[in-house]
Structures are given as C-alpha cells and as structure tokens.
Amino acid sequence: MNYKYIILEIEGGVATVFLNRPDVRNAMNLPMMKEIGDCFTFLSKQSDVRIILLRGKGDSFCAGADIQHMKHAGGQSTDQNRTDSQLLADLYYAVDHCPQPVVGVVHGHAFGGGFGLCNVCDITIAEEKTLFALSEVLIGIIPAIIGPYTVNKIGLSAYRALGISGERFDGHYAEKIGLVQYAVPKDQIEDIVDSTLAQLKKGSPKAQEMFKEYIRNMENLDAQDAIIAMRASEEGQEGLSAFIEKRKPSWQKD
C-alpha cells in the first residue's frame, strides 16, 4: 500500500509503522490520521503479521495533532468539525482493536494525540528523556477523544491531574504511572525492542487476540466461556501438548 505520511515495512512477521512527518515532529494532520487508521485496519486482517511496531521518524515520536489544522477547524461548521474529530476517533479505535500485539517505541515528544497513541499500544517502550504531556488545556482545548483510553491505561487519578495541568514529564514518570512499560537510555532501546519481540513471539497468536478482546470487554464476556473456548481451540490443544511433551509449540519458529 502507498502512503504519504506514514511508512509501512513488513519483515519476518513484524510490521513496523513509522509516522513520517519529521519536519513537524510527526504532528498528525487529517490525511495522516486517515492513513494510520487505514493501515492498522489493513494489518489487522494480515494473518502473517504477528506483531506491529509503531514508531516515529526524526527527532520525535509524535507532537500531537497539527496545530495549524486545529486552528483552521475552529472556524468550520459543527458538522465538519465532527467529521474531522471522527477521523481521530477512528484512528485510535483501529489501533486499539488490532488483534495483534502493538508495541509503541517512543522518543523525543509524545504530546496530546501522541500521548493518546501510547494509550492504545499494548506495550510502550520509551527513551527515558522523552517528554510526555496531555497538553490540550495549554492551547484552550481538552483531551476528550483519548479520555477513555487514557483512563484505561493510567487510571482516572493520573488522567485528572495531568489533563488539568498540561504538565510535561519524562519517561521515568511515564513508567511510574503505567503509561509506558520500559523507560531506558537511548542506547538500550533496540535491545529492549528485540527482547520484547522475542517474548511476544512465544505466545499463541489466537490466545493473544482473545486476550485483547477479553480486556476490552471484561465486564461483558464470560471468563469461563473464554477459557473453555481457548482450551478446545487448535492452538490451545497444541500449546498444552507442547508443554506436556517439553517441546516448542508450532507457532514458535526458530
């Protein structure tokens, strides 16, 4: 697929999606939002893609939504504003509902909408000096579309404090509140990425997909039914047999 504002690379069962507007710190304009959403929708249907990495080209992961666009949108009709906002909502939905594990690799800045992207990754790895912020109140708006994802990720208390202050914080604080799982020096990033990929590849693809569905719908899905279904599934039976026989299951490739 051809994209203008992102780059998609697929190799060895791993898809890497690069945000690619480095001249504006990968700030998301409307075409870029649509491309990200379309790309994750596409990847969600690719059975040969085991894991997805989300990264940013240049000096930053993502500085949020494009300010020039938001300024222009303020003068448009309510319906046009709603259409624009829906693109952002669709983007987060597509990443959040992707059946494969999604790993964010963050550096530089993750403000506003970039902060939101961290919320919909299953695992986020950050360079320790990365600056994060729910910066919307500082420019007269609020972080509403990413709100439910943020609460699910870091809890209402942290969302409330960070959303009302707009304060910046580093990777170590992001790790403390659960926004990221690893905050490490720049020269350790690729090693952590590699070890995370290796660990994820040990898991059953169907079990990982079911787990993601379960955590999104924990209140509505029956846990016993989910376990029964996975035990009886082809991968469930293969995994149990492999454990008993002390061998690798079929989905683990050397």
# chains A, B, ... in the order shown; residues from 1 in each chain; ligands from 1
$ closest_atom_pairs --of "stretch 115-153 of chain A" --to "stretch 164-187 of chain A" --cutoff "8 Å" --atoms "only C-alpha atoms" --output "JSON lines"
{"residue": "A:Cys118", "atom": "CA", "partner": "A:Leu179", "partner_atom": "CA", "distance": 6.9}
{"residue": "A:Asn119", "atom": "CA", "partner": "A:Leu179", "partner_atom": "CA", "distance": 6.7}
{"residue": "A:Ile123", "atom": "CA", "partner": "A:Gln181", "partner_atom": "CA", "distance": 6.2}
{"residue": "A:Thr124", "atom": "CA", "partner": "A:Val180", "partner_atom": "CA", "distance": 4.7}
{"residue": "A:Ile125", "atom": "CA", "partner": "A:Tyr182", "partner_atom": "CA", "distance": 4.9}
{"residue": "A:Ala126", "atom": "CA", "partner": "A:Ala183", "partner_atom": "CA", "distance": 4.8}
{"residue": "A:Glu127", "atom": "CA", "partner": "A:Val184", "partner_atom": "CA", "distance": 5.2}
{"residue": "A:Glu128", "atom": "CA", "partner": "A:Gly171", "partner_atom": "CA", "distance": 4.4}
{"residue": "A:Lys129", "atom": "CA", "partner": "A:Asp170", "partner_atom": "CA", "distance": 5.6}
{"residue": "A:Thr130", "atom": "CA", "partner": "A:Gly171", "partner_atom": "CA", "distance": 5.5}
{"residue": "A:Leu131", "atom": "CA", "partner": "A:Asp170", "partner_atom": "CA", "distance": 4.8}
{"residue": "A:Phe132", "atom": "CA", "partner": "A:Phe169", "partner_atom": "CA", "distance": 5.4}
{"residue": "A:Ala133", "atom": "CA", "partner": "A:Arg168", "partner_atom": "CA", "distance": 4.7}
{"residue": "A:Leu134", "atom": "CA", "partner": "A:Gly166", "partner_atom": "CA", "distance": 5.1}
{"residue": "A:Ser135", "atom": "CA", "partner": "A:Gly166", "partner_atom": "CA", "distance": 4.3}
{"residue": "A:Glu136", "atom": "CA", "partner": "A:Gly166", "partner_atom": "CA", "distance": 6.7}
{"residue": "A:Val137", "atom": "CA", "partner": "A:Gly166", "partner_atom": "CA", "distance": 6.1}
{"residue": "A:Leu138", "atom": "CA", "partner": "A:Gly166", "partner_atom": "CA", "distance": 6.2}
{"residue": "A:Lys153", "atom": "CA", "partner": "A:Leu179", "partner_atom": "CA", "distance": 6.3}
$ closest_atom_pairs --of "stretch 78-131 of chain A" --to "stretch 17-26 of chain A" --cutoff "10 Å" --atoms "only C-alpha atoms" --output "CSV"
residue,atom,partner,partner_atom,distance
A:Gly104,CA,A:Val17,CA,9.7
A:Val105,CA,A:Phe18,CA,9.9
A:Gly108,CA,A:Arg25,CA,8.5
A:His109,CA,A:Arg25,CA,7.8
A:Ala110,CA,A:Arg25,CA,9.4
A:Gly114,CA,A:Asn26,CA,8.8
$ write_last_selection --atoms "C-alpha atoms" --output "PDB file, in the first residue's frame"
ATOM      1  CA  GLY A 104       4.976   1.611  20.717  1.00  0.00           C
ATOM      2  CA  VAL A 105       8.589   2.791  20.541  1.00  0.00           C
ATOM      3  CA  GLY A 108      11.534  12.906  21.708  1.00  0.00           C
ATOM      4  CA  HIS A 109       7.978  14.077  22.328  1.00  0.00           C
ATOM      5  CA  ALA A 110       4.622  12.389  22.892  1.00  0.00           C
ATOM      6  CA  GLY A 114       0.907  11.290  20.522  1.00  0.00           C
TER       7      GLY A 114
END
$ select_by_dssp --residues "stretch 18-123 of chain A" --states "alpha helix (DSSP H)" --output "PyMOL selection string"
chain A and resi 30-43+67-73+78-96+113-119
$ write_last_selection --atoms "C-alpha atoms" --output "compact mmCIF listing (two decimals), in the first residue's frame"
# COMPACT_ATOMS: atom_id res chain seq x y z
CA LEU A 30 -6.12 14.77 8.71
CA PRO A 31 -4.52 12.77 5.86
CA MET A 32 -2.00 11.27 8.29
CA MET A 33 -4.78 10.31 10.73
CA LYS A 34 -6.64 8.57 7.94
CA GLU A 35 -3.51 6.74 6.79
CA ILE A 36 -2.77 5.45 10.29
CA GLY A 37 -6.33 4.23 10.75
CA ASP A 38 -6.40 2.61 7.31
CA CYS A 39 -3.01 0.99 7.86
CA PHE A 40 -3.97 -0.64 11.16
CA THR A 41 -7.27 -1.79 9.69
CA PHE A 42 -5.30 -3.40 6.87
CA LEU A 43 -2.76 -5.00 9.21
CA ILE A 67 -1.95 22.95 15.41
CA GLN A 68 -2.47 24.76 12.11
CA HIS A 69 -5.20 22.32 11.21
CA MET A 70 -6.91 22.67 14.61
CA LYS A 71 -6.86 26.46 14.29
CA HIS A 72 -8.44 26.21 10.86
CA ALA A 73 -11.01 23.64 12.04
CA THR A 78 -20.04 21.87 13.59
CA ASP A 79 -20.64 19.05 11.11
CA GLN A 80 -17.21 19.49 9.53
CA ASN A 81 -15.58 19.58 12.95
CA ARG A 82 -17.40 16.40 13.87
CA THR A 83 -16.18 14.70 10.69
CA ASP A 84 -12.59 15.74 11.44
CA SER A 85 -12.83 14.53 15.05
CA GLN A 86 -14.24 11.22 13.87
CA LEU A 87 -11.04 10.57 11.91
CA LEU A 88 -9.05 10.81 15.14
CA ALA A 89 -11.53 8.59 16.96
CA ASP A 90 -11.37 6.03 14.14
CA LEU A 91 -7.57 6.06 14.29
CA TYR A 92 -7.49 5.18 18.00
CA TYR A 93 -10.21 2.57 17.54
CA ALA A 94 -8.25 0.88 14.74
CA VAL A 95 -5.05 0.67 16.79
CA ASP A 96 -6.85 -0.39 19.97
CA GLY A 113 -2.54 12.89 20.27
CA GLY A 114 0.91 11.29 20.52
CA PHE A 115 0.20 10.63 24.20
CA GLY A 116 -3.05 9.06 23.00
CA LEU A 117 -1.18 6.69 20.71
CA CYS A 118 0.78 5.40 23.73
CA ASN A 119 -2.54 4.60 25.40
$ select_by_dssp --residues "stretch 24-190 of chain A" --states "strand (DSSP E)" --output "list in words"
Ile51, Ile52, Leu53, Leu54, Arg55, Gly56, Val102, Val103, Gly104, Val105, Val106, His109, Ala110, Phe111, Ile123, Thr124, Ile125, Ala126, Glu127, Leu131, Phe132, Ala133, Tyr182, Ala183 and Val184 of chain A
$ atom_distance --atom1 "atom CA of A:Leu8" --atom2 "atom CA of A:Ile215"
27.2 Å
$ closest_residue --among "A:Pro143, A:Gly13, A:Pro148, A:Gly56" --to "A:Gly163" --atoms "only C-alpha atoms"
A:Pro143
$ atom_distance --atom1 "atom CA of A:Ile192" --atom2 "atom CA of A:Ala65"
28.1 Å
$ decode --residues "stretch 132-166 of chain A" --atoms "N, CA and C atoms" --output "mmCIF file, in the first residue's frame"
data_model
loop_
_atom_site.group_PDB
_atom_site.id
_atom_site.type_symbol
_atom_site.label_atom_id
_atom_site.label_comp_id
_atom_site.auth_asym_id
_atom_site.auth_seq_id
_atom_site.Cartn_x
_atom_site.Cartn_y
_atom_site.Cartn_z
ATOM 1 N N PHE A 132 6.504 13.782 27.749
ATOM 2 C CA PHE A 132 5.096 13.447 27.571
ATOM 3 C C PHE A 132 4.250 14.585 28.126
ATOM 4 N N ALA A 133 3.060 14.776 27.567
ATOM 5 C CA ALA A 133 2.131 15.751 28.138
ATOM 6 C C ALA A 133 0.746 15.577 27.531
ATOM 7 N N LEU A 134 -0.256 15.701 28.400
ATOM 8 C CA LEU A 134 -1.622 15.944 27.948
ATOM 9 C C LEU A 134 -1.745 17.467 27.884
ATOM 10 N N SER A 135 -1.284 18.024 26.792
ATOM 11 C CA SER A 135 -1.038 19.469 26.706
ATOM 12 C C SER A 135 -2.237 20.279 26.213
ATOM 13 N N GLU A 136 -3.375 19.621 26.013
ATOM 14 C CA GLU A 136 -4.502 20.292 25.356
ATOM 15 C C GLU A 136 -4.967 21.558 26.067
ATOM 16 N N VAL A 137 -5.052 21.541 27.422
ATOM 17 C CA VAL A 137 -5.569 22.728 28.118
ATOM 18 C C VAL A 137 -4.665 23.943 27.914
ATOM 19 N N LEU A 138 -3.417 23.714 27.582
ATOM 20 C CA LEU A 138 -2.486 24.824 27.385
ATOM 21 C C LEU A 138 -2.774 25.594 26.103
ATOM 22 N N ILE A 139 -3.530 24.978 25.190
ATOM 23 C CA ILE A 139 -3.888 25.670 23.942
ATOM 24 C C ILE A 139 -5.406 25.834 23.827
ATOM 25 N N GLY A 140 -6.102 25.710 24.971
ATOM 26 C CA GLY A 140 -7.517 26.041 25.004
ATOM 27 C C GLY A 140 -8.479 24.957 24.601
ATOM 28 N N ILE A 141 -8.029 23.698 24.566
ATOM 29 C CA ILE A 141 -8.935 22.587 24.264
ATOM 30 C C ILE A 141 -8.776 21.527 25.355
ATOM 31 N N ILE A 142 -9.439 20.382 25.213
ATOM 32 C CA ILE A 142 -9.331 19.334 26.226
ATOM 33 C C ILE A 142 -9.050 17.986 25.570
ATOM 34 N N PRO A 143 -8.391 17.064 26.298
ATOM 35 C CA PRO A 143 -8.086 15.728 25.751
ATOM 36 C C PRO A 143 -9.269 14.789 25.910
ATOM 37 N N ALA A 144 -10.296 14.989 25.095
ATOM 38 C CA ALA A 144 -11.550 14.261 25.283
ATOM 39 C C ALA A 144 -11.599 12.936 24.533
ATOM 40 N N ILE A 145 -11.217 12.931 23.263
ATOM 41 C CA ILE A 145 -11.334 11.703 22.467
ATOM 42 C C ILE A 145 -10.456 10.599 23.046
ATOM 43 N N ILE A 146 -9.286 10.971 23.554
ATOM 44 C CA ILE A 146 -8.395 9.951 24.122
ATOM 45 C C ILE A 146 -8.724 9.641 25.577
ATOM 46 N N GLY A 147 -9.731 10.326 26.143
ATOM 47 C CA GLY A 147 -10.045 10.165 27.551
ATOM 48 C C GLY A 147 -10.274 8.735 28.009
ATOM 49 N N PRO A 148 -11.201 8.010 27.382
ATOM 50 C CA PRO A 148 -11.457 6.633 27.837
ATOM 51 C C PRO A 148 -10.228 5.733 27.742
ATOM 52 N N TYR A 149 -9.435 5.898 26.697
ATOM 53 C CA TYR A 149 -8.223 5.091 26.559
ATOM 54 C C TYR A 149 -7.202 5.455 27.644
ATOM 55 N N THR A 150 -7.129 6.747 27.968
ATOM 56 C CA THR A 150 -6.181 7.186 28.982
ATOM 57 C C THR A 150 -6.564 6.667 30.358
ATOM 58 N N VAL A 151 -7.846 6.732 30.673
ATOM 59 C CA VAL A 151 -8.307 6.210 31.965
ATOM 60 C C VAL A 151 -8.017 4.720 32.068
ATOM 61 N N ASN A 152 -8.257 3.988 30.984
ATOM 62 C CA ASN A 152 -7.968 2.545 30.995
ATOM 63 C C ASN A 152 -6.478 2.263 31.180
ATOM 64 N N LYS A 153 -5.645 3.167 30.680
ATOM 65 C CA LYS A 153 -4.199 2.949 30.713
ATOM 66 C C LYS A 153 -3.576 3.375 32.040
ATOM 67 N N ILE A 154 -3.874 4.592 32.490
ATOM 68 C CA ILE A 154 -3.169 5.116 33.669
ATOM 69 C C ILE A 154 -4.090 5.422 34.840
ATOM 70 N N GLY A 155 -5.399 5.241 34.667
ATOM 71 C CA GLY A 155 -6.334 5.482 35.760
ATOM 72 C C GLY A 155 -6.857 6.909 35.779
ATOM 73 N N LEU A 156 -8.003 7.081 36.418
ATOM 74 C CA LEU A 156 -8.666 8.386 36.456
ATOM 75 C C LEU A 156 -7.854 9.425 37.223
ATOM 76 N N SER A 157 -7.196 9.016 38.304
ATOM 77 C CA SER A 157 -6.452 9.976 39.124
ATOM 78 C C SER A 157 -5.340 10.651 38.325
ATOM 79 N N ALA A 158 -4.517 9.852 37.637
ATOM 80 C CA ALA A 158 -3.417 10.427 36.853
ATOM 81 C C ALA A 158 -3.950 11.234 35.677
ATOM 82 N N TYR A 159 -4.999 10.728 35.030
ATOM 83 C CA TYR A 159 -5.600 11.450 33.899
ATOM 84 C C TYR A 159 -6.121 12.809 34.358
ATOM 85 N N ARG A 160 -6.778 12.821 35.504
ATOM 86 C CA ARG A 160 -7.341 14.067 36.022
ATOM 87 C C ARG A 160 -6.239 15.086 36.303
ATOM 88 N N ALA A 161 -5.170 14.646 36.968
ATOM 89 C CA ALA A 161 -4.097 15.566 37.324
ATOM 90 C C ALA A 161 -3.346 16.070 36.093
ATOM 91 N N LEU A 162 -2.998 15.156 35.194
ATOM 92 C CA LEU A 162 -2.216 15.545 34.024
ATOM 93 C C LEU A 162 -3.049 16.317 33.015
ATOM 94 N N GLY A 163 -4.322 15.958 32.896
ATOM 95 C CA GLY A 163 -5.183 16.628 31.937
ATOM 96 C C GLY A 163 -5.508 18.050 32.323
ATOM 97 N N ILE A 164 -5.610 18.304 33.620
ATOM 98 C CA ILE A 164 -5.974 19.661 34.038
ATOM 99 C C ILE A 164 -4.764 20.584 34.129
ATOM 100 N N SER A 165 -3.570 19.995 34.280
ATOM 101 C CA SER A 165 -2.361 20.811 34.401
ATOM 102 C C SER A 165 -1.629 20.996 33.083
ATOM 103 N N GLY A 166 -1.676 19.970 32.239
ATOM 104 C CA GLY A 166 -0.909 20.017 30.989
ATOM 105 C C GLY A 166 0.589 19.900 31.198
#
